[in-house]
Each structure stands twice: as structure tokens, then as C-alpha cells.
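J.: Structure file final_0.json, JSON, C-alpha atoms, is pasted below:
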[["chain", "number", "residue", "atom", "x", "y", "z"],
["H", 81, "GLU", "CA", -31.53, -10.82, -14.43],
["H", 82, "ILE", "CA", -28.26, -12.23, -15.72],
["H", 83, "ARG", "CA", -26.44, -10.94, -12.66],
["H", 84, "SER", "CA", -29.02, -12.48, -10.36],
["H", 85, "GLN", "CA", -28.04, -15.86, -11.81],
["H", 86, "MET", "CA", -24.29, -15.32, -11.24],
["H", 87, "ASP", "CA", -22.39, -17.46, -8.77],
["H", 88, "THR", "CA", -21.92, -14.83, -6.08],
["H", 89, "SER", "CA", -19.70, -17.16, -4.04],
["H", 90, "ARG", "CA", -16.75, -16.22, -6.27],
["H", 91, "LEU", "CA", -17.23, -12.47, -5.89],
["H", 92, "ALA", "CA", -14.80, -10.61, -3.66],
["H", 93, "GLN", "CA", -16.09, -8.29, -0.97],
["H", 94, "LEU", "CA", -15.70, -4.61, -1.80],
["H", 95, "PRO", "CA", -12.97, -2.72, 0.06],
["H", 96, "ARG", "CA", -14.22, -0.40, 2.80],
["H", 97, "PHE", "CA", -14.23, 3.26, 1.71],
["H", 98, "GLU", "CA", -13.73, 4.48, 5.27],
["H", 99, "ASN", "CA", -10.39, 2.65, 5.43],
["H", 100, "ILE", "CA", -8.92, 4.72, 2.60],
["H", 101, "LYS", "CA", -7.08, 7.39, 4.53],
["H", 102, "HIS", "CA", -4.91, 9.04, 1.86],
["H", 103, "SER", "CA", -4.25, 8.73, -1.85],
["H", 104, "GLY", "CA", -2.07, 10.22, -4.55],
["H", 105, "GLU", "CA", 0.00, 9.78, -7.68],
["H", 106, "CYS", "CA", 3.70, 9.08, -7.99],
["H", 107, "LEU", "CA", 6.36, 7.53, -10.18],
["H", 108, "ALA", "CA", 7.58, 4.08, -9.20],
["H", 109, "ARG", "CA", 9.95, 1.25, -10.00],
["H", 110, "PHE", "CA", 8.58, -2.09, -8.84],
["H", 111, "SER", "CA", 10.69, -4.68, -10.64],
["H", 112, "LEU", "CA", 14.41, -5.36, -10.57],
["H", 113, "LYS", "CA", 14.50, -4.77, -14.33],
["H", 114, "SER", "CA", 12.96, -1.29, -14.04],
["H", 115, "MET", "CA", 15.48, -0.43, -11.31],
["H", 116, "VAL", "CA", 18.40, -1.64, -13.43],
["H", 117, "ILE", "CA", 17.34, 0.28, -16.54],
["H", 118, "LYS", "CA", 16.16, 3.17, -14.33],
["H", 119, "LYS", "CA", 12.73, 3.44, -15.92],
["H", 120, "TRP", "CA", 9.98, 5.27, -14.02],
["H", 121, "ARG", "CA", 6.32, 4.31, -14.42],
["H", 122, "SER", "CA", 3.25, 6.23, -13.28],
["H", 123, "ALA", "CA", 1.38, 4.76, -10.31],
["H", 124, "PHE", "CA", -1.53, 5.55, -8.01],
["H", 125, "TRP", "CA", -1.31, 4.76, -4.30],
["H", 126, "ILE", "CA", -3.60, 4.65, -1.28],
["H", 127, "ALA", "CA", -3.05, 4.31, 2.45],
["H", 128, "TYR", "CA", -5.54, 1.66, 3.58],
["H", 129, "GLY", "CA", -6.21, 1.48, 7.30],
["H", 130, "LEU", "CA", -3.33, 1.95, 9.71],
["H", 131, "GLN", "CA", -0.81, -0.48, 8.26],
["H", 132, "GLU", "CA", -1.24, -1.00, 4.50],
["H", 133, "ILE", "CA", -0.12, 0.79, 1.34],
["H", 134, "TYR", "CA", -1.55, -0.25, -2.04],
["H", 135, "PHE", "CA", -0.01, 0.67, -5.40],
["H", 136, "PHE", "CA", -2.00, 0.55, -8.65],
["H", 137, "ARG", "CA", -0.87, 0.99, -12.24],
["H", 138, "SER", "CA", -3.39, 3.82, -12.66],
["H", 139, "LYS", "CA", -6.23, 5.61, -10.92],
["H", 140, "THR", "CA", -8.59, 3.80, -13.30],
["H", 141, "ASP", "CA", -7.43, 0.44, -11.93],
["H", 142, "PHE", "CA", -7.97, 1.75, -8.42],
["H", 143, "GLU", "CA", -11.51, 2.92, -9.23],
["H", 144, "GLU", "CA", -12.31, -0.53, -10.61],
["H", 145, "TRP", "CA", -10.79, -2.23, -7.54],
["H", 146, "VAL", "CA", -12.66, -0.12, -5.05],
["H", 147, "SER", "CA", -16.11, 0.18, -6.67],
["H", 148, "ASN", "CA", -16.86, -2.79, -8.96],
["H", 149, "PRO", "CA", -18.90, -5.34, -6.95],
["H", 150, "TYR", "CA", -18.81, -7.95, -9.73],
["H", 151, "LEU", "CA", -15.10, -8.84, -9.54],
["H", 152, "SER", "CA", -13.85, -12.18, -8.30],
["H", 153, "LYS", "CA", -11.10, -12.23, -5.70],
["H", 154, "GLU", "CA", -8.56, -13.03, -8.41],
["H", 155, "GLN", "CA", -9.77, -10.21, -10.64],
["H", 156, "ARG", "CA", -9.71, -7.68, -7.80],
["H", 157, "ASN", "CA", -6.23, -8.76, -6.67],
["H", 158, "SER", "CA", -4.91, -8.53, -10.24],
["H", 159, "LEU", "CA", -5.65, -4.79, -10.25],
["H", 160, "VAL", "CA", -3.19, -4.25, -7.39],
["H", 161, "LYS", "CA", 0.39, -3.76, -8.55],
["H", 162, "MET", "CA", 1.83, -4.04, -5.04],
["H", 163, "LYS", "CA", 0.46, -4.32, -1.51],
["H", 164, "ILE", "CA", 2.60, -3.67, 1.57],
["H", 165, "ASP", "CA", 1.33, -4.64, 5.01],
["H", 166, "PHE", "CA", 3.82, -3.23, 7.48],
["H", 167, "VAL", "CA", 2.52, -5.47, 10.29],
["H", 168, "ARG", "CA", 1.67, -8.83, 8.72],
["H", 169, "ASP", "CA", 4.69, -8.79, 6.41],
["H", 170, "LEU", "CA", 6.78, -9.21, 9.58],
["H", 171, "ASP", "CA", 5.42, -12.76, 9.78],
["H", 172, "GLU", "CA", 7.41, -13.72, 6.69],
["H", 173, "PRO", "CA", 10.47, -15.88, 7.43],
["H", 174, "PHE", "CA", 13.54, -13.84, 8.48],
["H", 175, "VAL", "CA", 11.85, -10.46, 7.81],
["H", 176, "GLU", "CA", 12.87, -7.91, 10.43],
["H", 177, "GLY", "CA", 11.11, -4.80, 9.16],
["H", 178, "TYR", "CA", 11.04, -1.98, 6.63],
["H", 179, "GLN", "CA", 13.02, 1.20, 6.21],
["H", 180, "VAL", "CA", 12.51, 4.30, 4.05],
["H", 181, "SER", "CA", 15.65, 5.92, 2.66],
["H", 182, "MET", "CA", 16.31, 9.64, 2.69],
["H", 183, "MET", "CA", 14.72, 11.63, -0.14],
["H", 184, "SER", "CA", 17.05, 13.09, -2.74],
["H", 185, "MET", "CA", 16.79, 14.73, -6.16],
["H", 186, "LYS", "CA", 18.26, 13.68, -9.49],
["H", 187, "HIS", "CA", 18.10, 15.33, -12.90],
["H", 188, "TYR", "CA", 17.11, 13.11, -15.85],
["H", 189, "LYS", "CA", 17.44, 14.09, -19.50],
["H", 190, "LYS", "CA", 13.81, 13.28, -20.36],
["H", 191, "GLU", "CA", 11.95, 13.68, -17.06],
["H", 192, "GLY", "CA", 13.92, 16.59, -15.65],
["H", 193, "GLU", "CA", 14.23, 16.87, -11.86],
["H", 194, "ILE", "CA", 12.84, 13.86, -9.99],
["H", 195, "TYR", "CA", 12.67, 13.61, -6.19],
["H", 196, "HIS", "CA", 13.01, 10.01, -5.11],
["H", 197, "TYR", "CA", 13.61, 7.51, -2.29],
["H", 198, "LYS", "CA", 13.37, 3.77, -1.69],
["H", 199, "LEU", "CA", 11.33, 1.51, 0.55],
["H", 200, "GLU", "CA", 13.58, -1.32, 1.73],
["H", 201, "LYS", "CA", 12.68, -4.61, 3.38],
["H", 202, "TRP", "CA", 15.23, -5.87, 5.90],
["H", 203, "ASP", "CA", 15.94, -9.52, 6.61],
["H", 204, "LYS", "CA", 18.80, -11.49, 8.17],
["H", 205, "LEU", "CA", 20.98, -10.87, 5.11],
["H", 206, "GLY", "CA", 20.36, -7.14, 4.88],
["H", 207, "PRO", "CA", 18.09, -4.81, 2.87],
["H", 208, "THR", "CA", 16.38, -5.40, -0.45],
["H", 209, "VAL", "CA", 14.48, -2.69, -2.34],
["H", 210, "SER", "CA", 10.72, -3.32, -2.37],
["H", 211, "VAL", "CA", 9.86, -0.25, -4.43],
["H", 212, "ALA", "CA", 11.55, 2.96, -5.58],
["H", 213, "ILE", "CA", 9.28, 6.01, -5.43],
["H", 214, "GLY", "CA", 9.72, 9.29, -7.25],
["H", 215, "GLY", "CA", 7.93, 12.38, -8.47],
["H", 216, "LYS", "CA", 8.31, 15.96, -9.61],
["H", 217, "ASN", "CA", 6.26, 17.32, -6.72],
["H", 218, "SER", "CA", 8.48, 16.98, -3.66],
["H", 219, "ILE", "CA", 5.64, 17.70, -1.22],
["H", 220, "GLU", "CA", 3.40, 14.94, -2.56],
["H", 221, "ILE", "CA", 5.99, 12.18, -2.39],
["H", 222, "LYS", "CA", 7.33, 13.50, 0.92],
["H", 223, "ASN", "CA", 3.87, 13.06, 2.39],
["H", 224, "LEU", "CA", 3.77, 9.44, 1.20],
["H", 225, "ARG", "CA", 7.18, 8.93, 2.79],
["H", 226, "THR", "CA", 5.89, 10.39, 6.07],
["H", 227, "ILE", "CA", 2.89, 8.05, 6.06],
["H", 228, "MET", "CA", 5.07, 5.01, 5.42],
["H", 229, "LYS", "CA", 7.57, 6.02, 8.12],
["H", 230, "GLU", "CA", 4.78, 6.35, 10.68],
["H", 231, "MET", "CA", 3.32, 2.98, 9.65],
["H", 232, "ILE", "CA", 6.77, 1.40, 10.03],
["H", 233, "GLU", "CA", 7.24, 2.90, 13.49],
["H", 234, "ALA", "CA", 3.77, 1.78, 14.55],
["H", 235, "ALA", "CA", 4.42, -1.75, 13.27],
["H", 236, "LEU", "CA", 7.68, -1.98, 15.22],
["H", 237, "LEU", "CA", 5.95, -0.75, 18.37],
["H", 238, "SER", "CA", 3.25, -3.36, 17.83],
["H", 239, "GLN", "CA", 5.95, -6.02, 17.47],
["H", 240, "MET", "CA", 7.61, -4.87, 20.70],
["H", 241, "GLN", "CA", 4.27, -5.06, 22.52],
["H", 242, "ILE", "CA", 3.74, -8.62, 21.29],
["H", 243, "ARG", "CA", 7.20, -9.64, 22.46],
["H", 244, "SER", "CA", 6.59, -8.02, 25.84],
["H", 245, "ILE", "CA", 3.29, -9.88, 26.24],
["H", 246, "SER", "CA", 4.98, -13.13, 25.20],
["H", 247, "GLU", "CA", 7.87, -12.69, 27.63],
["H", 248, "ASP", "CA", 5.51, -11.82, 30.49],
["H", 249, "ASN", "CA", 3.68, -15.07, 29.87],
["H", 250, "GLY", "CA", 6.78, -17.17, 29.23],
["H", 251, "ILE", "CA", 5.87, -17.68, 25.55],
["H", 252, "SER", "CA", 8.21, -17.36, 22.60],
["H", 253, "PRO", "CA", 7.10, -14.51, 20.27],
["H", 254, "PHE", "CA", 7.50, -17.00, 17.43],
["H", 255, "ASP", "CA", 5.21, -19.59, 19.04],
["H", 256, "PRO", "CA", 2.25, -20.14, 16.63],
["H", 257, "ASN", "CA", 0.00, -20.50, 19.67],
["H", 258, "GLY", "CA", 1.18, -17.23, 21.18],
["H", 259, "PRO", "CA", -0.02, -13.66, 20.54],
["H", 260, "THR", "CA", -0.51, -12.85, 16.86],
["H", 261, "ARG", "CA", 0.12, -9.68, 14.92],
["H", 262, "GLY", "CA", -3.38, -8.39, 14.44],
["H", 263, "PRO", "CA", -4.32, -4.75, 13.93],
["H", 264, "ILE", "CA", -1.91, -2.25, 15.44],
["H", 265, "TYR", "CA", -2.49, -1.76, 19.17],
["H", 266, "ASP", "CA", -3.96, 1.62, 20.13],
["H", 267, "LEU", "CA", -1.97, 3.57, 17.59],
["H", 268, "GLY", "CA", -4.72, 5.18, 15.55],
["H", 269, "ALA", "CA", -3.93, 8.67, 16.78],
["H", 270, "SER", "CA", -0.24, 8.49, 15.85],
["H", 271, "VAL", "CA", -0.39, 7.10, 12.32],
["H", 272, "HIS", "CA", -0.63, 9.82, 9.63],
["H", 273, "SER", "CA", -0.55, 12.56, 12.28],
["H", 274, "ASN", "CA", 2.23, 14.45, 10.49],
["H", 275, "ALA", "CA", 1.03, 13.92, 6.92],
["H", 276, "SER", "CA", -0.93, 16.81, 5.46],
["H", 277, "TYR", "CA", -2.35, 15.03, 2.43],
["H", 278, "HIS", "CA", -5.83, 14.70, 0.96],
["H", 279, "SER", "CA", -8.09, 11.79, 1.70],
["H", 280, "TYR", "CA", -9.59, 9.87, -1.18],
["H", 281, "ASP", "CA", -13.10, 10.96, -2.18],
["H", 282, "ARG", "CA", -15.76, 8.31, -2.70],
["H", 283, "PRO", "CA", -16.55, 7.82, -6.43],
["H", 284, "SER", "CA", -19.53, 9.81, -7.57],
["H", 285, "GLU", "CA", -22.90, 8.15, -8.10],
["H", 286, "GLN", "CA", -22.58, 8.76, -11.84],
["H", 287, "HIS", "CA", -19.21, 6.97, -11.88],
["H", 288, "ARG", "CA", -20.73, 3.98, -10.11],
["H", 289, "LYS", "CA", -23.65, 3.91, -12.57],
["H", 290, "ASN", "CA", -21.18, 3.97, -15.47],
["H", 291, "GLN", "CA", -19.26, 1.08, -13.90],
["H", 292, "SER", "CA", -22.51, -0.85, -13.57],
["H", 293, "GLN", "CA", -23.47, -0.26, -17.20],
["H", 294, "GLN", "CA", -20.03, -1.32, -18.42],
["H", 295, "ASN", "CA", -20.36, -4.61, -16.57]]
Would you mind writing the file out in C-alpha cells?
T.:
Amino acid sequence: EIRSQMDTSRLAQLPRFENIKHSGECLARFSLKSMVIKKWRSAFWIAYGLQEIYFFRSKTDFEEWVSNPYLSKEQRNSLVKMKIDFVRDLDEPFVEGYQVSMMSMKHYKKEGEIYHYKLEKWDKLGPTVSVAIGGKNSIEIKNLRTIMKEMIEAALLSQMQIRSISEDNGISPFDPNGPTRGPIYDLGASVHSNASYHSYDRPSEQHRKNQSQQN
């Protein structure tokens, strides 16, 4: 009865389960400070649709984000540590694209052997590190790298298609009235084709009941 009286206009729409293509755990460095002091933090990631990667501080935060219907837009967004949209991020001023570095291995005194690489955003001045990704299981983080590489390649192809359409019609690709970067053009079959990783399973009915009781 209390929920029926809530202002539902402030509630954010639930993410679509069918858009969650892959998921997994990794170590990550999101901030400049964590990269300087070389501190790894646990994270949970998902591949959402054909062009987005979401990072969460934990799987618990992800479960809340994906299944709690009573969160406002601000509350739902606060659960996301980082979101990368390999297509729409290209609309940012001077952004030219993303690049994933080669994977390497380093031995740490506390953590032991960590396989790691970086996701870099390129602009007119050069690359900046968006996130450093690591993990003890080389296969798991290699699969995430493969997914991101394929998303990057698909985004660049989409950008080339937009420029081609613009040039054919005598329109600048930067014209706000020209073609926009919507969903990736006809690339569904290529994205994730080389990544052998598990898809995320929908939360159980019991989990959803527990979430409802907690709220």
C-alpha cells in the first residue's frame, strides 16, 4: 500500500535482461590515484548490448541495479562505477576512439601474478587511461579484452559508415542535423563472436522476493 502511493515518476526503468550478453569479475583501477599507488580493487562487469561495458564495485551492486524496480534514476546510476559506450562516447569533443593495450603479467608481493592491460581513450592530444583491468585468471580477463576490442572495431566501422553517408549527401559528419551515431549498424553477428564467456543468468525468483522484502 505504501508503494502504491509512491511517486513512480522518479523511478528509473529496469535494465533489459536480454541485453546482458556477458558478465564476470576482475580487478580494476578506475581513478588516477589508484593507478599512481598501483592499488587493485575488485569489480564486476557486464557487456550490455553491442556497444556498452558497465563496471560495478561488486556483484551485489549489480544485482541491485538490474533487479530493484524501486530505485530512482540517480540511485540506479550511483551503483555503476563506470560505464563505457564505445559508440556514443565518440560524440564527446575531440574524442577519436578507444584502444586496448596488450595483455601482460606482473608479479606483486601481496597479490602474486596478475595479468593486466589498459583501456585507453584517444583524443587530439593522445591517449589517456580510462581503466586498468587485471586478474589472476588470464582466460577471464582475456575474454573481456576480446569483447572490448570487438566493440571498438564495430564502433569505428559504424563511424566510417556515418561519414560515408554524410559525404554521399554532402553533409559534414559533425553537422548536428546530419546522421547520428545510433545503435551499431548491422554488426550484431560480429560483436562477441570470438569471446567464449558465460552470459549472465537472470536472478532467481527467491532473490527477487528477497529484494522486494528488503525494500
J.: Could you jot down the atom CA of Asp141 of chain H to atom CA of Ala123 of chain H separation for me, Å, one decimal place?
T.: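 Between atom CA of Asp141 of chain H and atom CA of Ala123 of chain H the gap is 9.9 Å.
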J.: Separation of atom CA of Ile126 of chain H and atom CA of Gly206 of chain H, in Å?
T.: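 Rounded to one decimal, the two atoms are 27.4 Å apart.
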J.: For segment 170-186 of chain H, work out the shell of residues within 6 Å, counting only C-alpha atoms and skipping chain neighbours fewer than 2 positions away, then give it as a tab-separated table (two decimals) with C-alpha atoms, keeping the file's coordinate frame.
T.:
chain	number	residue	atom	x	y	z
H	167	VAL	CA	2.52	-5.47	10.29
H	168	ARG	CA	1.67	-8.83	8.72
H	193	GLU	CA	14.23	16.87	-11.86
H	194	ILE	CA	12.84	13.86	-9.99
H	195	TYR	CA	12.67	13.61	-6.19
H	196	HIS	CA	13.01	10.01	-5.11
H	197	TYR	CA	13.61	7.51	-2.29
H	198	LYS	CA	13.37	3.77	-1.69
H	199	LEU	CA	11.33	1.51	0.55
H	200	GLU	CA	13.58	-1.32	1.73
H	201	LYS	CA	12.68	-4.61	3.38
H	202	TRP	CA	15.23	-5.87	5.90
H	203	ASP	CA	15.94	-9.52	6.61
H	204	LYS	CA	18.80	-11.49	8.17
J.: What is the distance, in Å and to one decimal place, between atom CA of Val209 of chain H and atom CA of Ser111 of chain H?
T.: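 Computed distance, atom CA of Val209 of chain H to atom CA of Ser111 of chain H, equals 9.3 Å.
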J.: Nearest to Leu237 of chain H: which of H:Trp145, H:Phe166, H:Arg109, H:Ser210 is it, counting only C-alpha atoms?
T.: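 Between H:Trp145, H:Phe166, H:Arg109, H:Ser210, the residue approaching Leu237 of chain H most closely is H:Phe166.
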J.: Leaving out Gln93 of chain H and any residue of its chain fewer than 5 positions from it, which residues lie within 12 Å of it when counting all atoms listed in the file, given as a ChimeraX atom specification?
T.: /H:88,145-157
J.: Select all residues near (5.5, 9.9, -7.6) (cut-off 6 Å, inclusive, file coordinates), counting only C-alpha atoms, and output them as a tab-separated table (two decimals) with C-alpha atoms, in the coordinates of the input.
T.:
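Writing the result to selection26.tsv gives the following:
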chain	number	residue	atom	x	y	z
H	105	GLU	CA	0.00	9.78	-7.68
H	106	CYS	CA	3.70	9.08	-7.99
H	107	LEU	CA	6.36	7.53	-10.18
H	213	ILE	CA	9.28	6.01	-5.43
H	214	GLY	CA	9.72	9.29	-7.25
H	215	GLY	CA	7.93	12.38	-8.47
H	221	ILE	CA	5.99	12.18	-2.39
J.: Select, from H:Arg96, H:Lys101, H:Lys163, H:Lys118, the residue with the minimum atom-to-atom distance to Ala212 of chain H, counting only C-alpha atoms.
T.: H:Lys118
J.: Would you please work out which residue, of H:Ile164, H:Ala234, H:Val211, H:Leu91, is nearest to Tyr134 of chain H when using only C-alpha atoms?
T.: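 Checking each of H:Ile164, H:Ala234, H:Val211, H:Leu91 against Tyr134 of chain H, counting only C-alpha atoms, the winner is H:Ile164.
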J.: Identify which of the residues H:Ile133, H:Leu236, H:Val160, H:Leu205 lies closest to Leu224 of chain H, counting only C-alpha atoms when measuring atom-to-atom distances.
T.: H:Ile133
